[in-house]
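Asks: Structure supplied as input-v5.cif; contents: mmCIF, C-alpha atoms and all ligand atoms.
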```cif
data_query
#
loop_
_atom_site.label_atom_id
_atom_site.label_comp_id
_atom_site.auth_asym_id
_atom_site.auth_seq_id
_atom_site.Cartn_x
_atom_site.Cartn_y
_atom_site.Cartn_z
CA MET T 1 24.25 185.34 -167.21
CA GLY T 2 21.33 184.41 -169.47
CA ARG T 3 18.57 186.60 -170.70
CA GLY T 4 16.28 185.58 -167.79
CA GLY T 5 18.77 186.92 -165.23
CA GLU T 6 19.19 190.19 -167.09
CA TRP T 7 15.43 190.59 -167.34
CA ARG T 8 14.94 189.94 -163.61
CA ARG T 9 17.64 192.47 -162.77
CA ALA T 10 16.07 195.03 -165.05
CA THR T 11 12.56 194.59 -163.57
CA GLY T 12 14.04 194.65 -160.03
CA ARG T 13 15.72 197.99 -160.83
CA LEU T 14 12.47 199.30 -162.29
CA GLU T 15 10.53 198.31 -159.16
CA SER T 16 12.96 199.94 -156.75
CA THR T 17 13.01 203.08 -158.93
CA ALA T 18 9.19 203.13 -158.84
CA ASN T 19 9.25 202.76 -155.04
CA ARG T 20 11.77 205.57 -154.71
CA PHE T 21 9.57 207.84 -156.86
CA LEU T 22 6.52 206.91 -154.78
CA GLY T 23 8.54 207.71 -151.65
CA ILE T 24 9.56 211.11 -153.07
CA LEU T 25 6.06 212.01 -154.25
CA PHE T 26 4.23 210.63 -151.18
CA PRO T 27 6.78 210.21 -148.40
CA GLU T 28 5.64 208.49 -145.22
CA PHE T 29 7.13 209.60 -141.96
CA CYS T 30 7.90 207.64 -138.82
CA ARG T 31 5.27 208.45 -136.20
CA GLY T 32 7.90 208.18 -133.50
CA CYS T 33 10.77 210.35 -134.75
CA GLY T 34 9.49 211.96 -137.97
CA ARG T 35 12.17 210.53 -140.28
CA VAL T 36 11.13 209.32 -143.73
CA LEU T 37 10.25 205.62 -143.58
CA ALA T 38 12.35 203.27 -145.70
CA ILE T 39 9.50 200.74 -145.81
CA ARG T 40 6.10 202.21 -146.56
CA ASP T 41 3.03 201.38 -144.47
CA CYS T 42 5.06 200.31 -141.45
CA LEU T 43 4.23 203.29 -139.19
CA LEU T 44 7.52 203.38 -137.31
CA CYS T 45 11.17 203.10 -138.27
CA ASP T 46 13.14 200.16 -136.91
CA SER T 47 14.74 202.16 -134.11
CA CYS T 48 11.37 203.54 -132.91
CA TRP T 49 9.86 200.05 -132.79
CA LEU T 50 12.65 199.27 -130.33
CA LYS T 51 11.77 202.29 -128.19
CA LEU T 52 8.45 200.88 -127.02
CA SER T 53 7.96 200.88 -123.28
CA TRP T 54 8.25 197.13 -122.76
CA VAL T 55 6.17 195.26 -120.20
CA SER T 56 8.25 192.68 -118.38
CA ASP T 57 5.81 191.16 -115.91
CA ALA T 58 2.68 189.05 -115.99
CA ARG T 59 -0.57 190.07 -114.33
CA THR T 60 -3.69 188.15 -113.49
CA LEU T 61 -7.02 189.48 -114.73
CA ALA T 62 -7.92 190.22 -111.09
CA GLU T 63 -4.78 192.35 -110.73
CA LEU T 64 -5.57 194.29 -113.92
CA THR T 65 -9.09 194.98 -112.69
CA SER T 66 -8.11 196.11 -109.22
CA ALA T 67 -5.34 198.38 -110.58
CA TRP T 68 -7.79 199.88 -113.06
CA GLY T 69 -10.36 200.29 -110.26
CA ARG T 70 -7.89 202.14 -108.04
CA ALA T 71 -6.93 204.48 -110.89
CA ASN T 72 -10.58 205.26 -111.59
CA GLY T 73 -11.86 205.47 -108.04
CA VAL T 74 -13.83 202.24 -108.35
CA GLY T 75 -13.40 200.39 -105.07
CA PHE T 76 -14.45 196.84 -105.79
CA ARG T 77 -15.81 195.20 -102.66
CA ARG T 78 -14.68 191.87 -104.04
CA CYS T 79 -13.12 190.68 -107.26
CA PRO T 80 -15.79 190.77 -109.97
CA TRP T 81 -14.45 187.64 -111.68
CA PRO T 82 -15.22 184.07 -110.64
CA GLY T 83 -12.22 182.06 -109.37
CA ARG T 84 -10.64 180.57 -112.49
CA VAL T 85 -11.13 183.76 -114.53
CA ALA T 86 -9.59 185.95 -111.80
CA GLU T 87 -6.36 183.94 -111.89
CA ILE T 88 -5.85 183.98 -115.66
CA ARG T 89 -2.32 185.06 -116.56
CA THR T 90 -2.03 187.98 -118.96
CA ARG T 91 1.03 189.15 -120.86
CA ALA T 92 1.50 192.22 -123.03
CA VAL T 93 4.31 193.52 -125.24
CA ALA T 94 4.42 197.19 -124.19
CA TYR T 95 2.58 199.85 -122.25
CA MET T 96 0.01 202.00 -123.97
CA GLU T 97 2.25 205.02 -124.35
CA PRO T 98 2.33 207.37 -127.35
CA VAL T 99 4.24 205.16 -129.81
CA MET T 100 2.18 202.07 -128.96
CA ALA T 101 -1.03 204.11 -128.95
CA ALA T 102 -0.23 205.24 -132.51
CA ALA T 103 0.41 201.63 -133.53
CA ILE T 104 -2.88 200.45 -132.00
CA HIS T 105 -4.79 203.31 -133.61
CA ASN T 106 -3.41 202.38 -137.02
CA LEU T 107 -4.22 198.73 -136.46
CA LYS T 108 -7.78 199.45 -135.29
CA TYR T 109 -8.87 202.17 -137.66
CA ARG T 110 -6.64 201.87 -140.69
CA GLY T 111 -6.27 198.11 -140.91
CA ARG T 112 -2.56 198.27 -141.44
CA LYS T 113 -1.52 194.70 -142.06
CA ARG T 114 2.17 195.50 -141.68
CA VAL T 115 1.56 197.01 -138.24
CA ALA T 116 -0.36 193.86 -137.25
CA ASN T 117 2.51 191.70 -138.49
CA ARG T 118 5.04 193.69 -136.52
CA LEU T 119 2.99 193.66 -133.31
CA GLY T 120 2.09 189.99 -133.77
CA ARG T 121 5.75 189.01 -134.06
CA LEU T 122 6.52 190.89 -130.82
CA MET T 123 3.55 189.19 -129.12
CA ALA T 124 4.79 185.80 -130.29
CA ARG T 125 8.17 186.52 -128.73
CA VAL T 126 6.51 187.28 -125.38
CA ALA T 127 4.43 184.09 -125.51
CA LEU T 128 7.40 181.92 -126.48
CA SER T 129 9.52 183.32 -123.64
CA ASP T 130 6.91 182.63 -120.94
CA PRO T 131 6.86 179.02 -119.68
CA ALA T 132 3.21 179.46 -118.66
CA PHE T 133 2.31 179.71 -122.37
CA ARG T 134 3.95 176.39 -123.23
CA GLY T 135 1.59 173.70 -124.46
CA CYS T 136 -1.05 176.15 -125.72
CA GLU T 137 -2.82 174.64 -128.70
CA GLY T 138 -5.03 177.37 -130.08
CA LEU T 139 -5.28 181.15 -130.51
CA VAL T 140 -8.70 182.77 -130.08
CA PRO T 141 -8.99 186.42 -131.18
CA VAL T 142 -11.50 188.43 -129.15
CA PRO T 143 -14.38 188.75 -131.63
CA LEU T 144 -16.26 191.89 -132.62
CA ARG T 145 -20.04 192.02 -132.79
CA PRO T 146 -21.19 191.14 -136.34
CA GLU T 147 -22.45 194.71 -136.98
CA LYS T 148 -19.12 196.16 -135.88
CA LEU T 149 -17.24 193.68 -138.05
CA ARG T 150 -19.32 194.65 -141.07
CA GLU T 151 -18.77 198.32 -140.37
CA ARG T 152 -15.00 197.99 -139.94
CA GLY T 153 -14.46 195.22 -142.47
CA TYR T 154 -11.91 193.34 -140.37
CA ASN T 155 -11.19 192.36 -136.78
CA PRO T 156 -7.91 193.86 -135.50
CA SER T 157 -7.52 191.05 -132.94
CA ALA T 158 -7.85 188.46 -135.71
CA LEU T 159 -5.07 190.22 -137.67
CA LEU T 160 -2.86 190.01 -134.57
CA ALA T 161 -3.77 186.36 -133.94
CA GLY T 162 -2.90 185.51 -137.56
CA SER T 163 0.50 187.08 -137.19
CA VAL T 164 1.14 185.37 -133.81
CA SER T 165 0.14 182.09 -135.45
CA GLU T 166 2.65 182.56 -138.29
CA ALA T 167 5.44 183.16 -135.81
CA THR T 168 4.57 180.40 -133.31
CA GLY T 169 2.88 177.73 -135.41
CA ILE T 170 -0.09 177.72 -132.98
CA PRO T 171 -3.28 177.59 -135.07
CA VAL T 172 -6.03 180.20 -134.87
CA VAL T 173 -9.36 178.73 -133.75
CA HIS T 174 -11.92 180.43 -135.98
CA GLY T 175 -15.59 180.83 -135.21
CA ALA T 176 -15.62 179.27 -131.74
CA LEU T 177 -16.48 182.43 -129.86
CA VAL T 178 -18.98 185.14 -130.85
CA LYS T 179 -19.79 188.48 -129.33
CA ILE T 180 -23.50 188.91 -128.77
CA ARG T 181 -23.77 192.24 -127.00
CA PRO T 182 -21.44 195.15 -126.27
CA THR T 183 -19.31 194.94 -123.17
CA PRO T 184 -19.99 197.94 -120.91
CA SER T 185 -17.52 200.61 -121.92
CA GLN T 186 -15.19 201.95 -119.28
CA THR T 187 -16.98 205.27 -119.27
CA GLU T 188 -20.21 203.46 -118.37
CA ILE T 189 -18.70 201.90 -115.28
CA ARG T 190 -19.33 204.60 -112.74
CA PRO T 191 -17.62 204.64 -109.38
CA ARG T 192 -21.04 204.58 -107.67
CA ASP T 193 -21.89 201.26 -109.31
CA ARG T 194 -18.87 199.51 -107.86
CA THR T 195 -19.43 196.69 -110.31
CA VAL T 196 -18.44 195.46 -113.73
CA ASN T 197 -20.73 192.90 -115.22
CA PRO T 198 -19.74 191.85 -118.70
CA ARG T 199 -21.13 188.31 -118.35
CA GLY T 200 -23.18 187.25 -121.30
CA SER T 201 -21.30 189.46 -123.79
CA PHE T 202 -19.72 186.43 -125.47
CA ARG T 203 -20.95 182.97 -126.32
CA VAL T 204 -19.24 179.81 -127.51
CA VAL T 205 -20.89 178.48 -130.67
CA ASN T 206 -18.47 175.72 -131.59
CA PRO T 207 -17.54 173.95 -128.35
CA GLU T 208 -15.85 171.08 -130.21
CA GLY T 209 -13.20 173.55 -131.43
CA ILE T 210 -12.13 174.49 -127.90
CA ALA T 211 -13.21 171.73 -125.48
CA GLY T 212 -10.29 170.32 -123.52
CA ILE T 213 -7.85 172.70 -125.20
CA ARG T 214 -5.38 175.15 -123.66
CA LEU T 215 -6.04 178.45 -125.41
CA ILE T 216 -4.47 181.86 -125.80
CA LEU T 217 -6.99 184.68 -125.97
CA VAL T 218 -5.64 187.46 -128.20
CA ASP T 219 -6.59 191.14 -128.09
CA ASP T 220 -5.02 194.50 -128.90
CA VAL T 221 -5.18 196.24 -125.51
CA ALA T 222 -5.73 195.14 -121.90
CA THR T 223 -7.25 197.95 -119.82
CA SER T 224 -9.81 197.10 -117.12
CA GLY T 225 -9.69 193.42 -118.07
CA SER T 226 -13.49 193.30 -118.31
CA THR T 227 -13.74 192.36 -121.99
CA LEU T 228 -11.00 189.78 -121.60
CA ALA T 229 -12.65 188.33 -118.48
CA ALA T 230 -16.01 188.05 -120.26
CA ALA T 231 -14.46 186.30 -123.26
CA ALA T 232 -12.33 184.02 -121.08
CA GLY T 233 -15.33 183.17 -118.88
CA ALA T 234 -17.33 182.13 -121.94
CA LEU T 235 -14.46 179.95 -123.21
CA LEU T 236 -14.18 178.22 -119.83
CA GLU T 237 -17.93 177.65 -119.77
CA GLY T 238 -17.43 176.08 -123.19
CA GLU T 239 -15.07 173.58 -121.53
CA ALA T 240 -11.77 175.09 -122.68
CA ARG T 241 -9.11 173.51 -120.47
CA GLU T 242 -7.09 176.62 -119.61
CA ILE T 243 -6.76 180.19 -120.83
CA ARG T 244 -3.86 182.58 -121.13
CA VAL T 245 -4.24 186.14 -122.37
CA LEU T 246 -1.85 187.82 -124.80
CA THR T 247 -2.24 191.47 -125.84
CA ALA T 248 -0.11 193.93 -127.76
CA ALA T 249 -0.58 196.73 -125.21
CA ARG T 250 -1.44 197.17 -121.56
CA THR T 251 -2.48 200.48 -120.04
CA PRO T 252 0.05 201.56 -117.43
CA MET T 253 -1.07 200.72 -113.91
CA GLY T 254 -2.65 203.79 -112.43
CA SER T 255 -3.55 205.34 -115.76
CA LEU T 256 -7.06 206.35 -116.67
CA GLY T 257 -7.17 203.82 -119.43
CA TYR T 258 -7.81 203.95 -123.12
CA SER T 259 -11.03 203.30 -124.94
ZN ZN T 301 11.41 206.60 -135.91
#
```
Would you encode the structure as structure tokens?
Ligand SMILES: [Zn+2]
Replies:
Amino acid sequence: MGRGGEWRRATGRLESTANRFLGILFPEFCRGCGRVLAIRDCLLCDSCWLKLSWVSDARTLAELTSAWGRANGVGFRRCPWPGRVAEIRTRAVAYMEPVMAAAIHNLKYRGRKRVANRLGRLMARVALSDPAFRGCEGLVPVPLRPEKLRERGYNPSALLAGSVSEATGIPVVHGALVKIRPTPSQTEIRPRDRTVNPRGSFRVVNPEGIAGIRLILVDDVATSGSTLAAAAGALLEGEAREIRVLTAARTPMGSLGYS
């Protein structure tokens, strides 16, 4: 072995020693089982990532909304979404139970890139296994309002979309959709209102990027479906050909949701 090989081995040893020291001084623990994490910044150990409560079925946006309505005592007189939006197929990786909730929290508020990569790879697997997602040509992350993006510094959905793109080869469509006003939060939708009206929360600004294209709308969590329906509705108005929805988490049917 030449000097180059020896040098590389020596620096490799130095790096792993440094990592071990860092691990001893500042150990990170698995949020699922409490064991020390072998890989830093990953939130969960490999076996806890496998313990997520997997979602196996698809739901339409209309089904998500009516299940959420039943759980919250909101009896919709009719489906709040216009025809094509109501029928949009949504898939998720796992239910929003404690381990997934910790993952989403870390993605949303701590910008953990490794968590996004892990979740994105799982989302890609779901999309690739579902024939209804075949032929999709673009990924659109649900955008944040510009003020919120400035405040947070990144868009969690865009991190997820980037990771799904790496695993599937489907490109991310940037800058086609913008958020112009907040969607009504779930706590604002009172049973007495019996309505959800998120129309006008999103707008397409670059129709040439989406017109005639079959898109996957990407978000972190599907709860009442109202944000997803508003974004999907805007994309369809912008002449997108078809929409599918892919999220990391879905709130369990009958739960009170997650905001
Ligand atoms: Zn664990």
Asks: Could you please extract the residues within 10 Å of ligand ZN 301 (chain T), counting all atoms listed in the file, and hand them back as a ChimeraX atom specification?
Replies: /T:29-37,43-51,99
Asks: What does the distance from atom CA of Asp220 of chain T to atom CA of Thr251 of chain T come to in Å, to one decimal?
Replies: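 Here the two named atoms are 11.0 Å from each other.
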Asks: List the spatial neighbours of Arg59 of chain T as a ChimeraX atom specification - criterion: any atom at most 10 Å away, all atoms listed in the file, same-chain residues fewer than 3 positions off excluded.
Replies: /T:62-65,87-92,245
Asks: Pick out the closest residue to Asn117 of chain T from this set: T:Ala240, T:Leu177, T:Ala229, T:Leu159. Count only C-alpha atoms.
Replies: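 Using only C-alpha atoms, the shortest distance to Asn117 of chain T belongs to T:Leu159.
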Asks: Please determine, counting all atoms listed in the file, which residue among T:Val93, T:Ala101, T:Leu235, T:Ala38 has the shortest atom-to-atom distance to Leu139 of chain T.
Replies: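 Among T:Val93, T:Ala101, T:Leu235, T:Ala38, it is T:Leu235 that comes nearest to Leu139 of chain T.
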Asks: Dig up all the protein and nucleic acid residues within 10 Å of (2.2, 184.6, -134.3) in the file frame, using only C-alpha atoms, and format them as a PDB file with C-alpha atoms, keeping the file's coordinate frame.
Replies:
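For reference, result13.pdb as written:
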```pdb
ATOM      1  CA  ASN T 117       2.510 191.700-138.490  1.00  0.00           C
ATOM      2  CA  ARG T 118       5.040 193.690-136.520  1.00  0.00           C
ATOM      3  CA  LEU T 119       2.990 193.660-133.310  1.00  0.00           C
ATOM      4  CA  GLY T 120       2.090 189.990-133.770  1.00  0.00           C
ATOM      5  CA  ARG T 121       5.750 189.010-134.060  1.00  0.00           C
ATOM      6  CA  LEU T 122       6.520 190.890-130.820  1.00  0.00           C
ATOM      7  CA  MET T 123       3.550 189.190-129.120  1.00  0.00           C
ATOM      8  CA  ALA T 124       4.790 185.800-130.290  1.00  0.00           C
ATOM      9  CA  ARG T 125       8.170 186.520-128.730  1.00  0.00           C
ATOM     10  CA  ALA T 127       4.430 184.090-125.510  1.00  0.00           C
ATOM     11  CA  LEU T 128       7.400 181.920-126.480  1.00  0.00           C
ATOM     12  CA  LEU T 139      -5.280 181.150-130.510  1.00  0.00           C
ATOM     13  CA  LEU T 159      -5.070 190.220-137.670  1.00  0.00           C
ATOM     14  CA  LEU T 160      -2.860 190.010-134.570  1.00  0.00           C
ATOM     15  CA  ALA T 161      -3.770 186.360-133.940  1.00  0.00           C
ATOM     16  CA  GLY T 162      -2.900 185.510-137.560  1.00  0.00           C
ATOM     17  CA  SER T 163       0.500 187.080-137.190  1.00  0.00           C
ATOM     18  CA  VAL T 164       1.140 185.370-133.810  1.00  0.00           C
ATOM     19  CA  SER T 165       0.140 182.090-135.450  1.00  0.00           C
ATOM     20  CA  GLU T 166       2.650 182.560-138.290  1.00  0.00           C
ATOM     21  CA  ALA T 167       5.440 183.160-135.810  1.00  0.00           C
ATOM     22  CA  THR T 168       4.570 180.400-133.310  1.00  0.00           C
ATOM     23  CA  GLY T 169       2.880 177.730-135.410  1.00  0.00           C
ATOM     24  CA  ILE T 170      -0.090 177.720-132.980  1.00  0.00           C
ATOM     25  CA  PRO T 171      -3.280 177.590-135.070  1.00  0.00           C
ATOM     26  CA  VAL T 172      -6.030 180.200-134.870  1.00  0.00           C
TER      27      VAL T 172
END
```
Asks: Skipping near chain neighbours, those fewer than 3 positions away, what residues fall within 9 Å of Glu239 of chain T using all atoms listed in the file, listed as a list in words?
Replies: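 So, after excluding close chain neighbours, the residues are Pro207, Ile210, Ala211, Gly212, Ile213, Ala234, Leu235, Leu236 and Glu242 of chain T.
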Asks: Please determine, counting all atoms listed in the file, which residue among T:His174, T:Arg84, T:Arg70, T:Arg112 has the shortest atom-to-atom distance to Ala232 of chain T.
Replies: T:Arg84
Asks: For Ser201 of chain T, work out the shell of residues within 9 Å, counting only C-alpha atoms and skipping chain neighbours fewer than 6 positions away, then give it as a PyMOL selection string.
Replies: chain T and resi 178-183+227+230-231+234
Asks: Using atom CA of Cys42 of chain T and atom CA of Glu147 of chain T as the two end points, give the distance in Å to one decimal.
Replies: 28.4 Å
Asks: What does the distance from atom CA of Ala102 of chain T to atom CA of Val115 of chain T come to in Å, to one decimal?
Replies: 10.2 Å
Asks: Between T:Ala58, T:Ser224, T:Ala248, T:Leu52, single out the one closest to Val74 of chain T, counting only C-alpha atoms.
Replies: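 Using only C-alpha atoms, the shortest distance to Val74 of chain T belongs to T:Ser224.
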Asks: I'd like to know which of T:Leu228, T:Val218, T:Val85, T:Ala132 is closest to Thr247 of chain T, using all atoms listed in the file.
Replies: T:Val218
Asks: Between T:Ala71, T:Cys136, T:Leu149, T:Leu144, which one has atoms that come closest to Arg241 of chain T, using all atoms listed in the file?
Replies: T:Cys136
Asks: At a cut-off of 8 Å around the point (4.1, 198.6, -124.8) (file coordinates), what residues fall inside when counting all atoms listed in the file? I'd like the answer as a list in words.
Replies: Leu52, Ser53, Trp54, Val55, Ala92, Val93, Ala94, Tyr95, Met96, Glu97, Met100, Ala248, Ala249 and Arg250 of chain T
